[in-house]
Amino acid sequence: MKRREFIAATAALLASPRHAGAQRARRRLGFLAIGDGSGQALNQAERVFLETLRSLGWVEGKNLAIEYRFSHPPDRVPASAADLVAFNPDVLFAAGPQAALALKSATSSIPIVFVGIADPVRLGLVQSLSRPGGNITGFTTNVPDDFLAKRLEILRELVPGASKIALLINPDNPMTRPYLAEKISGIIRQLGIVLLIVEATKADDLDVAFASAAAQQADAIVDFGDSLTYVEAPRIIALAAKYHLPANYMFRQYANGGLSVYGADVGDLMRRAGSYVDKILRGTKPSELPVERPTKFELVINLKIAKALGLTVPPSLLVRADDVIE
């Protein structure tokens, strides 16, 4: 065969459907999170997840195709889950309880890795932490000795004498009511405080919730932690400032404008989730990967906000802080 004919034959082979299929034979990942409705935009913690995958050899657009869905409001999540299942991914990733539940309902065969769920056993996602069973595993945000009491104690150190503290919750979060029924009375007895429950199920409810906290003369407020409040962090920070309410938040993204943060290191959870996705892509079954709890926590204090609120941060709290924003 002449050289020109060989090149032409090779080109034809490369252009053939069979070869084109081979070129597309990259692994597939479906990514589901609750977004702000402004489009596809990864937050800092979610970018850590992708960076971890790259460090493990999975490069988007090269050997990994990723389909993203950022659903807002949460009632669109089931449709987004169905879209991702139709994408026929090798593995699905879920950020938060609504996303995890929607994906679990949409498929019993495609592996799912979740992050950001307080109690996946109570939620019915897994059989147990050590033996999750089925097609789903992941990482919790909670530990056995729950840290809501610690968050309230941090606020009382920041606001000495605080006796009324508002707790901002989303009653539509499937974890909220079981938690309140089991834990709150004990925390109230332990700390000797009045805990005012204020609710928001959608963004517009947040203004009413903060107004209610102020009307009930709350000394401070704690954001319980939910997909809604995570997405609406800037609005919540602005409302806390408007009503002059010292606040404690669960996620580090609130530190830019929020007074204090105490919770699991979400970036670390995302790194660990990336390693689970890597293992699944290489053949490990989700049922062989135990659900793991957070091992790193962050305490962040914003001195600028403390000053604006007229608060003096005790040195004992500053010493314990992982990060102090001045």
# chains A, B, ... in the order shown; residues from 1 in each chain; ligands from 1
>>> residues_around(residues="A:Pro111", least_positions_apart="6", cutoff="7 Å", atoms="only C-alpha atoms", output="PDB file with N, CA, C and O atoms, in the first residue's frame")
ATOM      1  N   VAL A  91     -20.987   6.959  38.299  1.00  0.00           N
ATOM      2  CA  VAL A  91     -21.151   7.283  39.708  1.00  0.00           C
ATOM      3  C   VAL A  91     -21.867   8.632  39.821  1.00  0.00           C
ATOM      4  O   VAL A  91     -21.745   9.484  38.930  1.00  0.00           O
ATOM      5  N   LEU A  92     -22.631   8.789  40.888  1.00  0.00           N
ATOM      6  CA  LEU A  92     -23.357  10.029  41.157  1.00  0.00           C
ATOM      7  C   LEU A  92     -22.834  10.656  42.441  1.00  0.00           C
ATOM      8  O   LEU A  92     -22.498   9.954  43.393  1.00  0.00           O
ATOM      9  N   ASN A 135     -26.432   0.924  47.196  1.00  0.00           N
ATOM     10  CA  ASN A 135     -25.607   1.611  46.202  1.00  0.00           C
ATOM     11  C   ASN A 135     -25.138   2.990  46.652  1.00  0.00           C
ATOM     12  O   ASN A 135     -24.737   3.817  45.825  1.00  0.00           O
ATOM     13  N   ILE A 136     -25.169   3.250  47.977  1.00  0.00           N
ATOM     14  CA  ILE A 136     -24.876   4.606  48.429  1.00  0.00           C
ATOM     15  C   ILE A 136     -23.980   4.602  49.659  1.00  0.00           C
ATOM     16  O   ILE A 136     -24.101   3.754  50.547  1.00  0.00           O
ATOM     17  N   PRO A 286     -19.933   0.684  46.469  1.00  0.00           N
ATOM     18  CA  PRO A 286     -20.276   1.585  47.582  1.00  0.00           C
ATOM     19  C   PRO A 286     -20.491   0.837  48.903  1.00  0.00           C
ATOM     20  O   PRO A 286     -20.140   1.342  49.963  1.00  0.00           O
TER      21      PRO A 286
END
>>> residues_around(residues="A:Leu42", least_positions_apart="3", cutoff="12 Å", atoms="only C-alpha atoms", output="PyMOL selection string")
chain A and resi 31-36+38-39+45-51+68-70+95+231
>>> write_last_selection(atoms="N, CA, C and O atoms", output="compact mmCIF listing (two decimals), in the first residue's frame")
# COMPACT_ATOMS: atom_id res chain seq x y z
N PHE A 31 -23.36 15.09 38.95
CA PHE A 31 -23.13 15.95 40.12
C PHE A 31 -24.42 16.71 40.44
O PHE A 31 -24.91 17.48 39.61
N LEU A 32 -24.98 16.51 41.64
CA LEU A 32 -26.23 17.16 42.02
C LEU A 32 -26.06 17.94 43.32
O LEU A 32 -25.63 17.41 44.34
N ALA A 33 -26.39 19.22 43.27
CA ALA A 33 -26.35 20.08 44.46
C ALA A 33 -27.50 21.06 44.38
O ALA A 33 -28.13 21.23 43.33
N ILE A 34 -27.76 21.72 45.50
CA ILE A 34 -28.77 22.78 45.52
C ILE A 34 -28.07 24.08 45.19
O ILE A 34 -27.10 24.47 45.84
N GLY A 35 -28.55 24.77 44.13
CA GLY A 35 -27.91 26.01 43.71
C GLY A 35 -28.74 27.23 44.02
O GLY A 35 -29.80 27.15 44.62
N ASP A 36 -28.23 28.38 43.58
CA ASP A 36 -28.93 29.64 43.85
C ASP A 36 -29.78 30.09 42.67
O ASP A 36 -30.33 31.19 42.67
N SER A 38 -28.74 30.81 39.70
CA SER A 38 -28.03 31.72 38.80
C SER A 38 -27.23 30.97 37.74
O SER A 38 -26.52 31.58 36.95
N GLY A 39 -27.30 29.65 37.74
CA GLY A 39 -26.54 28.88 36.76
C GLY A 39 -25.57 27.94 37.44
O GLY A 39 -25.60 27.74 38.65
N ALA A 45 -15.73 24.77 48.25
CA ALA A 45 -15.63 23.38 48.71
C ALA A 45 -15.84 22.40 47.57
O ALA A 45 -15.15 21.38 47.47
N GLU A 46 -16.79 22.70 46.69
CA GLU A 46 -17.05 21.81 45.55
C GLU A 46 -15.87 21.78 44.58
O GLU A 46 -15.58 20.75 43.97
N ARG A 47 -15.17 22.90 44.47
CA ARG A 47 -13.97 22.92 43.62
C ARG A 47 -12.88 22.01 44.19
O ARG A 47 -12.10 21.41 43.44
N VAL A 48 -12.83 21.90 45.52
CA VAL A 48 -11.87 20.99 46.16
C VAL A 48 -12.15 19.55 45.71
O VAL A 48 -11.23 18.77 45.46
N PHE A 49 -13.42 19.21 45.58
CA PHE A 49 -13.82 17.88 45.13
C PHE A 49 -13.23 17.58 43.75
O PHE A 49 -12.63 16.52 43.52
N LEU A 50 -13.38 18.54 42.81
CA LEU A 50 -12.85 18.33 41.47
C LEU A 50 -11.33 18.32 41.45
O LEU A 50 -10.71 17.55 40.70
N GLU A 51 -10.72 19.16 42.28
CA GLU A 51 -9.25 19.18 42.36
C GLU A 51 -8.73 17.83 42.86
O GLU A 51 -7.69 17.35 42.39
N TYR A 68 -23.59 18.40 35.39
CA TYR A 68 -23.93 19.12 36.61
C TYR A 68 -25.42 19.48 36.64
O TYR A 68 -26.00 19.83 35.61
N ARG A 69 -25.99 19.45 37.84
CA ARG A 69 -27.31 20.01 38.07
C ARG A 69 -27.28 20.77 39.39
O ARG A 69 -26.87 20.24 40.41
N PHE A 70 -27.69 22.05 39.33
CA PHE A 70 -27.79 22.88 40.53
C PHE A 70 -29.25 23.30 40.63
O PHE A 70 -29.68 24.25 39.97
N ALA A 95 -24.73 16.50 47.06
CA ALA A 95 -24.39 17.44 48.13
C ALA A 95 -25.66 17.79 48.89
O ALA A 95 -26.54 18.48 48.38
N VAL A 231 -27.17 28.17 50.54
CA VAL A 231 -27.27 28.93 49.29
C VAL A 231 -27.49 30.40 49.56
O VAL A 231 -26.95 31.27 48.87
>>> residues_around(residues="A:Ala218", least_positions_apart="6", cutoff="8 Å", atoms="only C-alpha atoms", output="VMD selection string")
chain A and resid 164 to 166 196 245
>>> residues_around(residues="A:Thr312", least_positions_apart="3", cutoff="12 Å", atoms="only C-alpha atoms", output="ChimeraX atom specification")
/A:155-160,246,259,301-309,315-318
>>> write_last_selection(atoms="N, CA and C atoms", output="short mmCIF file (atom, residue, chain, number, x, y, z; two decimals), in the first residue's frame")
data_model
loop_
_atom_site.label_atom_id
_atom_site.label_comp_id
_atom_site.auth_asym_id
_atom_site.auth_seq_id
_atom_site.Cartn_x
_atom_site.Cartn_y
_atom_site.Cartn_z
N LEU A 155 -21.43 31.16 71.18
CA LEU A 155 -22.18 32.41 71.18
C LEU A 155 -22.28 33.02 72.57
N ARG A 156 -22.42 32.19 73.58
CA ARG A 156 -22.52 32.71 74.94
C ARG A 156 -21.17 33.28 75.41
N GLU A 157 -20.08 32.75 74.88
CA GLU A 157 -18.78 33.36 75.18
C GLU A 157 -18.65 34.71 74.49
N LEU A 158 -19.20 34.80 73.29
CA LEU A 158 -19.14 36.07 72.55
C LEU A 158 -20.12 37.09 73.11
N VAL A 159 -21.24 36.61 73.62
CA VAL A 159 -22.29 37.49 74.16
C VAL A 159 -22.56 37.05 75.60
N PRO A 160 -21.72 37.46 76.53
CA PRO A 160 -21.90 37.04 77.93
C PRO A 160 -23.30 37.42 78.44
N PRO A 246 -25.75 38.86 66.89
CA PRO A 246 -24.54 38.02 66.82
C PRO A 246 -24.96 36.61 66.37
N LEU A 259 -20.11 36.53 61.96
CA LEU A 259 -19.36 36.69 63.20
C LEU A 259 -18.54 35.46 63.55
N ILE A 301 -13.44 33.07 63.82
CA ILE A 301 -13.97 34.28 64.46
C ILE A 301 -13.63 35.49 63.59
N ASN A 302 -14.63 36.31 63.32
CA ASN A 302 -14.43 37.52 62.53
C ASN A 302 -14.40 38.72 63.48
N LEU A 303 -13.20 39.23 63.76
CA LEU A 303 -13.05 40.34 64.72
C LEU A 303 -13.68 41.63 64.20
N LYS A 304 -13.67 41.81 62.89
CA LYS A 304 -14.26 43.01 62.30
C LYS A 304 -15.76 43.07 62.60
N ILE A 305 -16.43 41.94 62.46
CA ILE A 305 -17.86 41.89 62.74
C ILE A 305 -18.12 42.02 64.24
N ALA A 306 -17.26 41.39 65.04
CA ALA A 306 -17.40 41.53 66.50
C ALA A 306 -17.34 42.99 66.91
N LYS A 307 -16.41 43.72 66.33
CA LYS A 307 -16.28 45.16 66.66
C LYS A 307 -17.52 45.92 66.23
N ALA A 308 -18.05 45.60 65.05
CA ALA A 308 -19.25 46.28 64.56
C ALA A 308 -20.44 46.02 65.47
N LEU A 309 -20.46 44.85 66.10
CA LEU A 309 -21.55 44.51 67.02
C LEU A 309 -21.28 44.97 68.45
N PRO A 315 -9.98 36.28 75.00
CA PRO A 315 -8.73 35.65 74.54
C PRO A 315 -8.82 34.13 74.51
N SER A 316 -9.56 33.53 75.44
CA SER A 316 -9.67 32.07 75.47
C SER A 316 -10.30 31.53 74.20
N LEU A 317 -11.20 32.31 73.60
CA LEU A 317 -11.85 31.89 72.36
C LEU A 317 -10.91 32.10 71.17
N LEU A 318 -10.18 33.20 71.20
CA LEU A 318 -9.23 33.47 70.12
C LEU A 318 -8.14 32.40 70.05
#
>>> select_by_dssp(residues="stretch 63-201 of chain A", states="helix (DSSP H, G or I)", output="ChimeraX atom specification")
/A:74-86,97-106,148-158,176-191
>>> write_last_selection(atoms="N, CA and C atoms", output="short mmCIF file (atom, residue, chain, number, x, y, z; two decimals), in the first residue's frame")
data_model
loop_
_atom_site.label_atom_id
_atom_site.label_comp_id
_atom_site.auth_asym_id
_atom_site.auth_seq_id
_atom_site.Cartn_x
_atom_site.Cartn_y
_atom_site.Cartn_z
N PRO A 74 -35.66 23.59 45.91
CA PRO A 74 -35.46 22.16 46.10
C PRO A 74 -36.51 21.26 45.46
N ASP A 75 -37.72 21.78 45.17
CA ASP A 75 -38.74 20.91 44.59
C ASP A 75 -38.41 20.53 43.14
N ARG A 76 -37.36 21.13 42.59
CA ARG A 76 -36.92 20.74 41.26
C ARG A 76 -35.88 19.61 41.31
N VAL A 77 -35.48 19.23 42.50
CA VAL A 77 -34.41 18.25 42.64
C VAL A 77 -34.77 16.89 42.02
N PRO A 78 -35.99 16.35 42.22
CA PRO A 78 -36.29 15.05 41.59
C PRO A 78 -36.12 15.05 40.08
N ALA A 79 -36.51 16.13 39.41
CA ALA A 79 -36.34 16.20 37.96
C ALA A 79 -34.87 16.23 37.59
N SER A 80 -34.08 16.94 38.38
CA SER A 80 -32.63 16.99 38.13
C SER A 80 -32.01 15.62 38.34
N ALA A 81 -32.47 14.90 39.37
CA ALA A 81 -31.96 13.56 39.63
C ALA A 81 -32.27 12.63 38.45
N ALA A 82 -33.48 12.75 37.91
CA ALA A 82 -33.87 11.93 36.75
C ALA A 82 -32.99 12.25 35.55
N ASP A 83 -32.68 13.54 35.35
CA ASP A 83 -31.80 13.94 34.25
C ASP A 83 -30.44 13.28 34.37
N LEU A 84 -29.90 13.28 35.59
CA LEU A 84 -28.57 12.72 35.80
C LEU A 84 -28.55 11.21 35.62
N VAL A 85 -29.59 10.54 36.03
CA VAL A 85 -29.67 9.08 35.83
C VAL A 85 -29.74 8.77 34.34
N ALA A 86 -30.47 9.60 33.58
CA ALA A 86 -30.56 9.42 32.13
C ALA A 86 -29.20 9.63 31.45
N PRO A 97 -28.91 16.56 51.93
CA PRO A 97 -29.91 15.49 52.07
C PRO A 97 -30.93 15.44 50.95
N GLN A 98 -31.42 16.61 50.48
CA GLN A 98 -32.42 16.58 49.41
C GLN A 98 -31.85 15.93 48.15
N ALA A 99 -30.61 16.28 47.82
CA ALA A 99 -29.98 15.71 46.62
C ALA A 99 -29.78 14.21 46.78
N ALA A 100 -29.32 13.78 47.95
CA ALA A 100 -29.06 12.36 48.19
C ALA A 100 -30.35 11.54 48.12
N LEU A 101 -31.40 12.05 48.75
CA LEU A 101 -32.68 11.33 48.74
C LEU A 101 -33.24 11.23 47.32
N ALA A 102 -33.12 12.31 46.55
CA ALA A 102 -33.65 12.31 45.19
C ALA A 102 -32.90 11.30 44.32
N LEU A 103 -31.58 11.24 44.46
CA LEU A 103 -30.80 10.29 43.67
C LEU A 103 -31.07 8.85 44.09
N LYS A 104 -31.21 8.63 45.39
CA LYS A 104 -31.50 7.28 45.87
C LYS A 104 -32.85 6.81 45.36
N SER A 105 -33.81 7.73 45.27
CA SER A 105 -35.13 7.37 44.75
C SER A 105 -35.09 7.12 43.25
N ALA A 106 -34.13 7.77 42.57
CA ALA A 106 -34.08 7.68 41.11
C ALA A 106 -33.35 6.44 40.62
N LEU A 148 -24.10 21.09 68.28
CA LEU A 148 -24.95 22.27 68.37
C LEU A 148 -24.76 22.94 69.73
N ALA A 149 -24.64 22.14 70.78
CA ALA A 149 -24.41 22.72 72.12
C ALA A 149 -23.12 23.52 72.15
N LYS A 150 -22.09 23.03 71.46
CA LYS A 150 -20.83 23.77 71.40
C LYS A 150 -21.00 25.08 70.66
N ARG A 151 -21.79 25.08 69.62
CA ARG A 151 -22.03 26.32 68.86
C ARG A 151 -22.76 27.34 69.72
N LEU A 152 -23.70 26.87 70.51
CA LEU A 152 -24.41 27.78 71.42
C LEU A 152 -23.48 28.31 72.50
N GLU A 153 -22.59 27.46 72.98
CA GLU A 153 -21.62 27.90 73.99
C GLU A 153 -20.67 28.95 73.45
N ILE A 154 -20.29 28.82 72.17
CA ILE A 154 -19.44 29.82 71.54
C ILE A 154 -20.14 31.17 71.52
N LEU A 155 -21.43 31.16 71.18
CA LEU A 155 -22.18 32.41 71.18
C LEU A 155 -22.28 33.02 72.57
N ARG A 156 -22.42 32.19 73.58
CA ARG A 156 -22.52 32.71 74.94
C ARG A 156 -21.17 33.28 75.41
N GLU A 157 -20.08 32.75 74.88
CA GLU A 157 -18.78 33.36 75.18
C GLU A 157 -18.65 34.71 74.49
N LEU A 158 -19.20 34.80 73.29
CA LEU A 158 -19.14 36.07 72.55
C LEU A 158 -20.12 37.09 73.11
N THR A 176 -34.59 17.82 60.32
CA THR A 176 -34.79 18.85 61.34
C THR A 176 -35.68 18.38 62.49
N ARG A 177 -36.88 17.93 62.17
CA ARG A 177 -37.83 17.62 63.25
C ARG A 177 -37.37 16.45 64.12
N PRO A 178 -36.83 15.35 63.55
CA PRO A 178 -36.30 14.29 64.42
C PRO A 178 -35.20 14.79 65.35
N TYR A 179 -34.36 15.66 64.84
CA TYR A 179 -33.28 16.20 65.66
C TYR A 179 -33.84 17.02 66.82
N LEU A 180 -34.77 17.92 66.49
CA LEU A 180 -35.34 18.77 67.53
C LEU A 180 -36.02 17.94 68.61
N ALA A 181 -36.75 16.91 68.17
CA ALA A 181 -37.47 16.07 69.13
C ALA A 181 -36.50 15.34 70.07
N GLU A 182 -35.33 14.98 69.55
CA GLU A 182 -34.41 14.16 70.33
C GLU A 182 -33.42 14.96 71.16
N LYS A 183 -32.98 16.09 70.64
CA LYS A 183 -31.83 16.78 71.23
C LYS A 183 -32.13 18.07 71.99
N ILE A 184 -33.10 18.85 71.50
CA ILE A 184 -33.21 20.22 71.96
C ILE A 184 -33.50 20.35 73.45
N SER A 185 -34.40 19.52 73.97
CA SER A 185 -34.74 19.65 75.39
C SER A 185 -33.51 19.43 76.27
N GLY A 186 -32.67 18.47 75.89
CA GLY A 186 -31.45 18.20 76.65
C GLY A 186 -30.48 19.37 76.59
N ILE A 187 -30.34 19.98 75.42
CA ILE A 187 -29.44 21.13 75.27
C ILE A 187 -29.92 22.30 76.10
N ILE A 188 -31.24 22.52 76.10
CA ILE A 188 -31.81 23.63 76.88
C ILE A 188 -31.52 23.42 78.37
N ARG A 189 -31.70 22.19 78.84
CA ARG A 189 -31.41 21.91 80.26
C ARG A 189 -29.92 22.07 80.56
N GLN A 190 -29.11 21.60 79.64
CA GLN A 190 -27.66 21.65 79.84
C GLN A 190 -27.15 23.08 79.95
N LEU A 191 -27.65 23.95 79.08
CA LEU A 191 -27.12 25.32 79.01
C LEU A 191 -27.95 26.33 79.79
#
>>> residues_around(residues="stretch 118-133 of chain A", least_positions_apart="2", cutoff="6 Å", atoms="only C-alpha atoms", output="VMD selection string")
chain A and resid 140 to 142 287 290 to 291
>>> select_by_dssp(residues="stretch 124-291 of chain A", states="strand (DSSP E or B)", output="list in words")
Ile136, Thr137, Gly138, Phe139, Thr140, Lys164, Ile165, Ala166, Leu167, Leu168, Ile169, Val194, Leu195, Leu196, Ile197, Val198, Glu199, Ala220, Ile221, Val222, Asp223, Ala247, Asn248, Tyr249, Ser260, Val261, Tyr262, Gly263 and Ala264 of chain A
>>> write_last_selection(atoms="N, CA and C atoms", output="short mmCIF file (atom, residue, chain, number, x, y, z; two decimals), in the first residue's frame")
data_model
loop_
_atom_site.label_atom_id
_atom_site.label_comp_id
_atom_site.auth_asym_id
_atom_site.auth_seq_id
_atom_site.Cartn_x
_atom_site.Cartn_y
_atom_site.Cartn_z
N ILE A 136 -25.17 3.25 47.98
CA ILE A 136 -24.88 4.61 48.43
C ILE A 136 -23.98 4.60 49.66
N THR A 137 -23.07 5.56 49.70
CA THR A 137 -22.19 5.77 50.84
C THR A 137 -21.75 7.24 50.84
N GLY A 138 -20.98 7.63 51.84
CA GLY A 138 -20.55 9.03 51.84
C GLY A 138 -20.04 9.51 53.19
N PHE A 139 -20.28 10.80 53.47
CA PHE A 139 -19.68 11.46 54.62
C PHE A 139 -20.70 12.32 55.34
N THR A 140 -20.77 12.14 56.66
CA THR A 140 -21.71 12.91 57.47
C THR A 140 -21.09 14.25 57.88
N LYS A 164 -31.46 34.23 75.66
CA LYS A 164 -32.39 33.89 74.59
C LYS A 164 -31.62 33.79 73.28
N ILE A 165 -31.59 32.61 72.70
CA ILE A 165 -30.90 32.43 71.43
C ILE A 165 -31.86 31.83 70.41
N ALA A 166 -31.95 32.46 69.26
CA ALA A 166 -32.82 31.97 68.19
C ALA A 166 -32.10 30.87 67.41
N LEU A 167 -32.86 29.86 66.99
CA LEU A 167 -32.33 28.78 66.16
C LEU A 167 -33.07 28.81 64.84
N LEU A 168 -32.35 29.15 63.77
CA LEU A 168 -32.95 29.24 62.45
C LEU A 168 -32.95 27.86 61.80
N ILE A 169 -34.15 27.35 61.47
CA ILE A 169 -34.28 26.01 60.89
C ILE A 169 -35.12 26.06 59.62
N VAL A 194 -33.12 29.90 76.89
CA VAL A 194 -34.37 29.84 76.13
C VAL A 194 -33.99 29.77 74.66
N LEU A 195 -34.47 28.74 73.98
CA LEU A 195 -34.15 28.58 72.56
C LEU A 195 -35.40 28.91 71.75
N LEU A 196 -35.31 29.94 70.95
CA LEU A 196 -36.43 30.40 70.14
C LEU A 196 -36.30 29.81 68.73
N ILE A 197 -37.28 29.03 68.32
CA ILE A 197 -37.23 28.41 67.00
C ILE A 197 -37.85 29.37 65.97
N VAL A 198 -37.07 29.74 64.94
CA VAL A 198 -37.60 30.55 63.84
C VAL A 198 -37.39 29.76 62.56
N GLU A 199 -38.38 29.81 61.65
CA GLU A 199 -38.39 28.90 60.51
C GLU A 199 -38.34 29.63 59.17
N ALA A 220 -28.98 36.46 70.33
CA ALA A 220 -28.11 35.96 69.27
C ALA A 220 -28.90 34.96 68.45
N ILE A 221 -28.27 34.46 67.37
CA ILE A 221 -28.95 33.50 66.50
C ILE A 221 -27.96 32.46 65.99
N VAL A 222 -28.45 31.22 65.85
CA VAL A 222 -27.66 30.12 65.28
C VAL A 222 -28.37 29.64 64.02
N ASP A 223 -27.62 29.56 62.93
CA ASP A 223 -28.14 28.94 61.71
C ASP A 223 -27.92 27.44 61.84
N ALA A 247 -24.19 36.04 65.46
CA ALA A 247 -24.61 34.77 64.86
C ALA A 247 -23.48 33.76 64.83
N ASN A 248 -23.88 32.50 64.84
CA ASN A 248 -22.94 31.40 64.62
C ASN A 248 -23.46 30.57 63.46
N TYR A 249 -22.53 30.20 62.57
CA TYR A 249 -22.87 29.45 61.38
C TYR A 249 -22.10 28.14 61.36
N SER A 260 -19.17 34.28 63.51
CA SER A 260 -18.46 33.08 63.96
C SER A 260 -18.94 31.85 63.21
N VAL A 261 -18.03 30.90 63.05
CA VAL A 261 -18.33 29.63 62.38
C VAL A 261 -17.78 28.50 63.23
N TYR A 262 -18.60 27.46 63.40
CA TYR A 262 -18.08 26.24 64.00
C TYR A 262 -18.79 25.06 63.37
N GLY A 263 -18.01 24.19 62.73
CA GLY A 263 -18.60 23.03 62.09
C GLY A 263 -17.55 22.19 61.41
N ALA A 264 -18.00 21.15 60.74
CA ALA A 264 -17.08 20.25 60.03
C ALA A 264 -16.36 21.01 58.93
#
>>> closest_residue(among="A:Val277, A:Leu228, A:Leu206, A:Leu299", to="A:Arg252", atoms="only C-alpha atoms")
A:Leu299
>>> closest_residue(among="A:Gly161, A:Gly30, A:Gly310, A:Gly258", to="A:Phe93", atoms="only C-alpha atoms")
A:Gly30
>>> atom_distance(atom1="atom CA of A:Arg26", atom2="atom CA of A:Ser55")
16.9 Å
>>> closest_residue(among="A:Val115, A:Leu281, A:Ala233, A:Ile110", to="A:Asn63", atoms="only C-alpha atoms")
A:Leu281
